[in-house]
Amino acid sequence: MLSRVAENVYWMNRQIERAENVARAVETALDLSVEGTISQGRLWNALVCTFGDQADFWARHGLADQAHVISFLSFEPGNPNSIASCLHAARENARTVRDMISTPMWEEINKVHLYMQSAAQQYGGWLHPREFLDEVKRASQLITGVADATMSHGEAWHFARLGRLIERADKTSRVLDVEHYFKPAAFRFAPPADSTTADPRSQAAFRFAPPADSTTADPHSQATAPVAPAEGGDEPPGGDAVQWSAVLESASALEMYRKQYGPVVRRNVAEFLIFDRFFPRTMHFCLIKAEESLLAITGGAKGAYTNPAERRLGRLRSGLDYGHIDEVLAGDEGLHEFIDGFQQRLNRASDAVQETFFATRPAGPVAEA
């Protein structure tokens, strides 16, 4: 299988999975905005920060309210992580590997791409974009199901599953870490410059203030100096269970969680979404199945490695095999520190996949006749 073809299949599925997960997160934020357990400005700011796009969002919009955030995460063509950008890129990748995927899979990808274009034109008149978000989730799940049912489970299918599960593990970890961005001291805030105006949104929104060293900082860095939010006041009581229920809902995990644990408790939610081996959106499950596909591609054996991708992904998976939630929560910064480290190691594993299978290498010296 050509590395170029494998790369397009891999990224096509990552992009489709990313679009679905962004849609899930936006829908969860809409639910929380109705509950009223989190102030509107902090809620929509936290959603942007969850995906690491805060610097780009601040440069484009500044005002962190529902309308701006939904537009940025759903339709912003300049945001590579927006739903529209992901689905467009997935369709282009699918077009270039048309002979490697089934006709029903291509039709579903093309269909959701056309739907996305139509939705973007109509967005200005929407009050509640739930129908759009539901369609994105439905289309992603349909594409995955069609691929499983109509593609041979050979190398192409395993590259597709590898990409999808690496992306899913990353996004599950990010949604689980959203608690960090609900904290007043997690990010630097400043009131809107025109807060004295009659704009009603100014009462429920923050304007991002860049770090003091923003000229040198990584634009996707999650480390900014803690400053109390401009809004002040406590969040409404009783919000903890609602917030963690929303986190579970964003992974379609609330029902399965309740069957296993019962009441929604922070510790148990974290344990379930990190360590559960059987639910298909947990971090551990994703790594187990991603490693299976990687070994199917390379012909390797579990417990050994022949390339950096196998070593890094296997090492990350084994850490969850023997990890325990109490050790996670007992760390210096607790859950946030663990997830931040997980994301860094997962990124290194993803880089190793890119280097092992897709990166171009200079040809050796040509022998003289």
# chains A, B, ... in the order shown; residues from 1 in each chain; ligands from 1
$ closest_atom_pairs --of "stretch 242-312 of chain A" --to "stretch 165-172 of chain A" --cutoff "9 Å" --atoms "only C-alpha atoms" --output "tab-separated table"
residue	atom	partner	partner_atom	distance
A:Ser250	CA	A:Thr172	CA	8.7
A:Ala251	CA	A:Thr172	CA	7.2
A:Leu273	CA	A:Thr172	CA	7.4
A:Ile274	CA	A:Thr172	CA	8.5
A:Arg281	CA	A:Arg168	CA	6.8
A:Thr282	CA	A:Thr172	CA	6.7
A:Met283	CA	A:Ala169	CA	4.7
A:His284	CA	A:Ala169	CA	7.8
A:Phe285	CA	A:Ala169	CA	8.4
A:Cys286	CA	A:Leu165	CA	5.1
A:Leu287	CA	A:Leu165	CA	7.1
A:Lys289	CA	A:Leu165	CA	7.4
A:Ala290	CA	A:Leu165	CA	5.8
$ residues_around --residues "A:Glu179" --least-positions-apart "2" --cutoff "10 Å" --atoms "only C-alpha atoms" --output "list in words"
Ala46, Thr50, Arg174, Val175, Leu176, Asp177, Tyr181, Phe182, Lys183, Ala186, Asp240, Gln243, Trp244, Val247, Arg266, Leu335 and His336 of chain A
$ write_last_selection --atoms "N, CA and C atoms" --output "CSV table (one decimal), in the first residue's frame"
chain,number,residue,atom,x,y,z
A,46,ALA,N,-14.5,28.1,28.1
A,46,ALA,CA,-13.9,26.8,28.4
A,46,ALA,C,-14.0,25.9,27.2
A,50,THR,N,-10.8,24.1,25.5
A,50,THR,CA,-10.7,22.6,25.5
A,50,THR,C,-10.0,22.1,24.3
A,174,ARG,N,-9.6,15.5,26.2
A,174,ARG,CA,-9.9,17.0,26.2
A,174,ARG,C,-11.2,17.3,26.9
A,175,VAL,N,-12.2,16.6,26.5
A,175,VAL,CA,-13.6,16.8,27.1
A,175,VAL,C,-13.5,16.5,28.6
A,176,LEU,N,-12.8,15.5,29.0
A,176,LEU,CA,-12.7,15.2,30.4
A,176,LEU,C,-11.9,16.3,31.2
A,177,ASP,N,-11.1,17.0,30.5
A,177,ASP,CA,-10.3,18.0,31.1
A,177,ASP,C,-11.0,19.4,31.2
A,181,TYR,N,-10.9,24.2,32.9
A,181,TYR,CA,-11.2,25.6,32.4
A,181,TYR,C,-12.4,26.2,32.9
A,182,PHE,N,-13.2,25.5,33.8
A,182,PHE,CA,-14.3,26.1,34.5
A,182,PHE,C,-13.8,26.8,35.7
A,183,LYS,N,-12.6,26.5,36.1
A,183,LYS,CA,-12.0,27.2,37.4
A,183,LYS,C,-11.7,28.6,37.1
A,186,ALA,N,-8.1,29.4,36.0
A,186,ALA,CA,-7.5,28.6,35.0
A,186,ALA,C,-6.9,29.4,33.8
A,240,ASP,N,-21.9,20.5,40.1
A,240,ASP,CA,-20.9,19.5,39.9
A,240,ASP,C,-21.5,18.3,39.2
A,243,GLN,N,-22.4,19.1,35.6
A,243,GLN,CA,-21.2,19.2,34.7
A,243,GLN,C,-20.7,17.8,34.3
A,244,TRP,N,-20.5,16.9,35.3
A,244,TRP,CA,-20.0,15.6,35.0
A,244,TRP,C,-20.9,14.8,34.2
A,247,VAL,N,-20.3,15.9,30.7
A,247,VAL,CA,-19.1,15.3,30.2
A,247,VAL,C,-19.4,13.9,29.7
A,266,ARG,N,-17.4,12.6,40.4
A,266,ARG,CA,-16.2,13.0,39.7
A,266,ARG,C,-15.2,11.9,39.6
A,335,LEU,N,-6.1,15.6,38.1
A,335,LEU,CA,-6.6,15.1,36.8
A,335,LEU,C,-6.0,15.9,35.7
A,336,HIS,N,-5.9,17.2,35.8
A,336,HIS,CA,-5.4,18.0,34.7
A,336,HIS,C,-4.0,17.7,34.4
$ atom_distance --atom1 "atom CA of A:Ile83" --atom2 "atom CA of A:Val48"
13.4 Å
$ atom_distance --atom1 "atom CA of A:Ala147" --atom2 "atom CA of A:Met105"
5.9 Å
$ atom_distance --atom1 "atom CA of A:Arg345" --atom2 "atom CA of A:Arg18"
18.7 Å
$ closest_residue --among "A:Gln122, A:Leu32, A:Trp11, A:Trp44" --to "A:Glu92" --atoms "only C-alpha atoms"
A:Trp11
$ residues_around --residues "A:Asn13" --least-positions-apart "3" --cutoff "9 Å" --atoms "only C-alpha atoms" --output "NGL selection string"
:A and (8-10 or 16-18 or 90 or 144 or 159-165 or 167)
$ decode --residues "stretch 137-165 of chain A" --atoms "N, CA and C atoms" --output "compact mmCIF listing (two decimals), in the first residue's frame"
# COMPACT_ATOMS: atom_id res chain seq x y z
N LYS A 137 -23.10 14.31 13.83
CA LYS A 137 -22.85 13.09 14.59
C LYS A 137 -23.39 11.86 13.87
N ARG A 138 -24.61 11.98 13.37
CA ARG A 138 -25.23 10.85 12.66
C ARG A 138 -24.41 10.47 11.43
N ALA A 139 -23.97 11.47 10.68
CA ALA A 139 -23.20 11.19 9.46
C ALA A 139 -21.88 10.51 9.79
N SER A 140 -21.20 10.97 10.83
CA SER A 140 -19.93 10.36 11.22
C SER A 140 -20.11 8.90 11.60
N GLN A 141 -21.13 8.63 12.40
CA GLN A 141 -21.38 7.25 12.82
C GLN A 141 -21.80 6.37 11.64
N LEU A 142 -22.55 6.97 10.70
CA LEU A 142 -22.97 6.22 9.53
C LEU A 142 -21.77 5.88 8.65
N ILE A 143 -20.86 6.83 8.48
CA ILE A 143 -19.66 6.58 7.68
C ILE A 143 -18.83 5.45 8.29
N THR A 144 -18.68 5.49 9.62
CA THR A 144 -17.93 4.44 10.30
C THR A 144 -18.60 3.07 10.12
N GLY A 145 -19.92 3.04 10.28
CA GLY A 145 -20.64 1.78 10.10
C GLY A 145 -20.57 1.26 8.68
N VAL A 146 -20.69 2.14 7.71
CA VAL A 146 -20.60 1.74 6.31
C VAL A 146 -19.21 1.21 5.99
N ALA A 147 -18.19 1.86 6.51
CA ALA A 147 -16.82 1.40 6.27
C ALA A 147 -16.61 0.00 6.85
N ASP A 148 -17.11 -0.22 8.06
CA ASP A 148 -16.96 -1.55 8.67
C ASP A 148 -17.68 -2.63 7.87
N ALA A 149 -18.81 -2.27 7.27
CA ALA A 149 -19.65 -3.27 6.60
C ALA A 149 -19.32 -3.46 5.13
N THR A 150 -18.64 -2.48 4.51
CA THR A 150 -18.45 -2.55 3.06
C THR A 150 -16.99 -2.50 2.61
N MET A 151 -16.06 -2.39 3.55
CA MET A 151 -14.64 -2.41 3.20
C MET A 151 -14.01 -3.70 3.71
N SER A 152 -13.10 -4.26 2.92
CA SER A 152 -12.31 -5.38 3.41
C SER A 152 -11.48 -4.92 4.60
N HIS A 153 -11.37 -5.75 5.63
CA HIS A 153 -10.65 -5.35 6.83
C HIS A 153 -9.16 -5.67 6.66
N GLY A 154 -8.59 -5.00 5.66
CA GLY A 154 -7.17 -5.13 5.39
C GLY A 154 -6.42 -3.89 5.84
N GLU A 155 -5.31 -3.58 5.17
CA GLU A 155 -4.47 -2.47 5.60
C GLU A 155 -5.22 -1.14 5.59
N ALA A 156 -5.98 -0.87 4.54
CA ALA A 156 -6.69 0.42 4.44
C ALA A 156 -7.66 0.58 5.60
N TRP A 157 -8.40 -0.48 5.91
CA TRP A 157 -9.35 -0.40 7.01
C TRP A 157 -8.64 -0.19 8.34
N HIS A 158 -7.51 -0.84 8.53
CA HIS A 158 -6.78 -0.69 9.80
C HIS A 158 -6.17 0.70 9.92
N PHE A 159 -5.69 1.29 8.81
CA PHE A 159 -5.22 2.68 8.89
C PHE A 159 -6.37 3.61 9.23
N ALA A 160 -7.55 3.32 8.67
CA ALA A 160 -8.72 4.14 8.98
C ALA A 160 -9.06 4.04 10.47
N ARG A 161 -9.10 2.83 11.02
CA ARG A 161 -9.43 2.66 12.43
C ARG A 161 -8.36 3.25 13.33
N LEU A 162 -7.10 3.11 12.94
CA LEU A 162 -6.00 3.68 13.73
C LEU A 162 -6.17 5.19 13.86
N GLY A 163 -6.42 5.85 12.75
CA GLY A 163 -6.61 7.30 12.79
C GLY A 163 -7.81 7.70 13.61
N ARG A 164 -8.92 7.00 13.41
CA ARG A 164 -10.15 7.34 14.13
C ARG A 164 -9.98 7.19 15.64
N LEU A 165 -9.32 6.14 16.08
CA LEU A 165 -9.21 5.88 17.52
C LEU A 165 -8.17 6.76 18.20
